[in-house]
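A.B. asks: Can you read through this structure? Questions will come right after.
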Amino acid sequence: MKKNLTKARWSVFSVLLLIVLVAYSLSLIALLGWGFIKSLQDKVDYVLQGASASSFPKKFTFANYVSAFGELKVKLGMEFGGKTVYFAEMLFNSLVYALGCAVISTLTPCIVAYLTVRIRTGFNKIVNGIFYFTLLVPIIGSMPSMIQMMTSLRLINTWAGVFIMRIGFTGTYFLVYQASFRSLSGEYAEAAVIDGANRYQIMFGIEFQLVKTIITIAFVINFINYWNDYQAPMIYMPNHPTAAYGLWRMNSQVSSYTDYIIFKVAGFMILILPTFVLFMLFKDKMIGNLTIGGLKG
């Protein structure tokens with residue numbers, strides 16, 4: 001018995017698209033690779049070669065990474081006690097900030113989307129209306145009022161303040177979650193109810209598990225965005241500087257190019273490492289299959 005095998009057909013568009021994607025991927029890998037190589041260059045070798053960003057290192061060392069942990073620091077203002085925050089503490093602040101904000105920003109629209117799909121009430125129209133209004137109408141210039149409100153509520157310079165700011169459902173992931181939950185058959189919930197499951201067990205134990213690939217992707221993307229965010233920590237919690245804010249501040253300061261460029265690159269390489277590890281841990285789940293459809297009898 002012969003098996004019918006479907007052969008892949010390559011069109012001109014597919015070949016061109018593949019070439020563009022490969023070229024784009026190689027350009028990103030080349031930039032990161034060159035940055036890593038320059039971060040290992042010895043300072044004396046770097047100076048002798050004219051402090052050129054294109055010169056290939058002749059002597060390699062990890063001293064730049066050691067210096068990054070010891071010398072990268074942010075001195076707080078006197079209103080915050082004049083404390084000096086070093087790079088190790090900034091990395092910890094980045095972890096707390098990115099992890100907390102990513103969890104909240106991922107679960108909040110997911111829960112609201114689930115409720116609007118599974119619980120049919122007239123209030124859903126109001127929720128959807130708010131979402132589409134904020135999506136279509138550009139709202140700019142809200143930062144001064146946000147700062148004033150945070151200050152009045154005494155949430156400025158607090159972890160609770162920045163976490164509360166991330167509670168919202170008006171991002172584009174709200175639409176993705178709604179489409180995902182609509183694609184799930186109600187037979188899953190019906191079968192769970194017969195087995196004695198309550199609404200919370202159905203929500204978190206069954207239906208959230210069926211869309212965990214999408215939740216994982218949203219979490220990883222949100223984590224990377226918040227890990228690289230320096231503006232919000234600078235404005236809303238300056239007494240808890242993150243690594244992104246520390247590197248931005250160091251890079252924006254007027255300093256000698258010869259003394260600091262390879263040192264800065266080493267700091268940026270350290271900042272990239274956690275996001276790379278996170279992607280490697282979740283890459284299998286991020287490319288997992290999506291569950292669509294219902295049960296088969």
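Residue names in the structure tokens use chain letters A, B, ... in the order shown, residue numbers from 1 in each chain, and ligand numbers from 1 in the order shown.
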Quick one: pick out all helix (DSSP H, G or I) residues within region 16-61 of chain A from a backbone DSSP run and write them as an MDAnalysis selection string.
C.D. replies: chainID A and resid 16:39 43:48
A.B. asks: Can you build me a table of region 72-148 of chain A residues sitting at most 9 Å from region 266-279 of chain A, with the closest atom pair per residue and its distance in Å to one decimal, using only C-alpha atoms, sorted by chain and residue number, as CSV?
C.D. replies:
```
residue,atom,partner,partner_atom,distance
A:Leu72,CA,A:Gly267,CA,8.1
A:Leu91,CA,A:Leu271,CA,8.1
A:Leu95,CA,A:Pro274,CA,8.9
```
A.B. asks: Restricted to N, CA and C atoms, what would the selected residues look like written as a short mmCIF file (atom, residue, chain, number, x, y, z; two decimals), in the first residue's frame?
C.D. replies:
```cif
data_model
loop_
_atom_site.label_atom_id
_atom_site.label_comp_id
_atom_site.auth_asym_id
_atom_site.auth_seq_id
_atom_site.Cartn_x
_atom_site.Cartn_y
_atom_site.Cartn_z
N LEU A 72 29.20 50.29 37.49
CA LEU A 72 27.92 50.81 37.03
C LEU A 72 27.04 51.10 38.25
N LEU A 91 19.88 45.13 38.77
CA LEU A 91 19.42 43.91 38.11
C LEU A 91 18.28 43.26 38.90
N LEU A 95 14.41 42.63 37.71
CA LEU A 95 13.72 41.35 37.78
C LEU A 95 12.36 41.50 38.46
#
```
A.B. asks: Write out as a list in words each polymer residue whose atoms come within 9 Å of Cys110 (chain A), counting only C-alpha atoms; drop sequence neighbours fewer than 2 positions from it.
C.D. replies: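 That gives Ser105, Thr106, Leu107, Thr108, Val112, Ala113, Tyr114, Leu115, Phe169, Tyr173, Phe174, Val176, Tyr177, Gln178, Phe208 and Ile215 of chain A.
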A.B. asks: I need the residues from that last selection saved to file as a CSV table (one decimal), in the first residue's frame (with C-alpha atoms), if you can.
C.D. replies:
```csv
chain,number,residue,atom,x,y,z
A,105,SER,CA,-0.2,42.7,32.2
A,106,THR,CA,-0.7,39.2,30.9
A,107,LEU,CA,-3.4,37.9,33.3
A,108,THR,CA,-5.5,41.1,33.5
A,112,VAL,CA,-11.4,40.1,31.4
A,113,ALA,CA,-11.6,38.5,28.0
A,114,TYR,CA,-12.6,35.2,29.5
A,115,LEU,CA,-15.4,36.8,31.5
A,169,PHE,CA,-7.3,45.3,29.6
A,173,TYR,CA,-3.9,41.0,23.7
A,174,PHE,CA,-7.5,41.5,24.8
A,176,VAL,CA,-6.3,37.7,21.0
A,177,TYR,CA,-7.6,36.3,24.2
A,178,GLN,CA,-11.2,36.8,23.2
A,208,PHE,CA,-6.7,28.7,30.7
A,215,ILE,CA,-0.5,33.2,27.6
```
A.B. asks: Need the shell around Pro238 (chain A): protein/DNA/RNA residues with any atom at most 10 Å away, counting only C-alpha atoms. Skip same-chain ones fewer than 2 positions apart. Format as a list in words?
C.D. replies: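 Contacts, with the query itself left out: Leu76, Gly77, Phe80, Ile156, Asn157, Thr158, Gln231, Ala232, Pro233, Met234, Ile235, Tyr236, His240, Pro241, Thr242 and Tyr245 of chain A.
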A.B. asks: Between A:Leu99, A:Val127, A:Leu136, A:Ile119, which one has atoms that come closest to Ile224 (chain A), using only C-alpha atoms?
C.D. replies: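 So, comparing all the options, the nearest one is A:Leu99.
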A.B. asks: Set the distance at 9 Å and use only C-alpha atoms: which residues neighbour Pro57 (chain A) once local chain neighbours fewer than 4 positions away are removed? I'd like the list as JSON, numbers by chain.
C.D. replies: {"A": [37, 38, 40, 41, 42, 45, 46, 49]}
A.B. asks: Quick one: distance from CA of Tyr230 (chain A) to CA of Trp248 (chain A) in Å, one decimal?
C.D. replies: 7.2 Å
A.B. asks: Using only C-alpha atoms, which protein or nucleic acid residues come within 8 Å of Glu71 (chain A)? Drop anything in the same chain fewer than 3 positions from it, and give the result as a CSV table (one decimal) with C-alpha atoms, in the first residue's frame.
C.D. replies:
```csv
chain,number,residue,atom,x,y,z
A,67,SER,CA,33.8,46.4,36.0
A,68,ALA,CA,30.2,46.6,34.9
A,86,TYR,CA,25.0,49.4,42.2
A,87,PHE,CA,24.4,47.3,39.1
```
A.B. asks: Please, what distance in Å, to one decimal, runs between CA of Leu32 (chain A) and CA of Thr216 (chain A)?
C.D. replies: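 Computing it gives 24.8 Å between the two atoms.
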A.B. asks: Would you work out the distance separating CA of Val103 (chain A) from CA of Tyr226 (chain A), expressed in Å to one decimal?
C.D. replies: 10.8 Å
A.B. asks: Which parts of region 35-263 of chain A does DSSP call strand (DSSP E) when run on the backbone here, written out as a PyMOL selection string?
C.D. replies: chain A and resi 73-75+84-86
A.B. asks: Go through A:Thr61, A:Ser180, A:Ser52, A:Ser39 one by one, measure the shortest atom-to-atom distance of each to Leu210 (chain A) using only C-alpha atoms, and give the residue with the smallest value.
C.D. replies: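 Between A:Thr61, A:Ser180, A:Ser52, A:Ser39, the residue approaching Leu210 (chain A) most closely is A:Ser180.
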A.B. asks: What lies within 10 Å of Tyr132 (chain A) using only C-alpha atoms, ignoring chain neighbours under 4 positions off, as a PyMOL selection string?
C.D. replies: chain A and resi 126-128+136-137+170-172+175
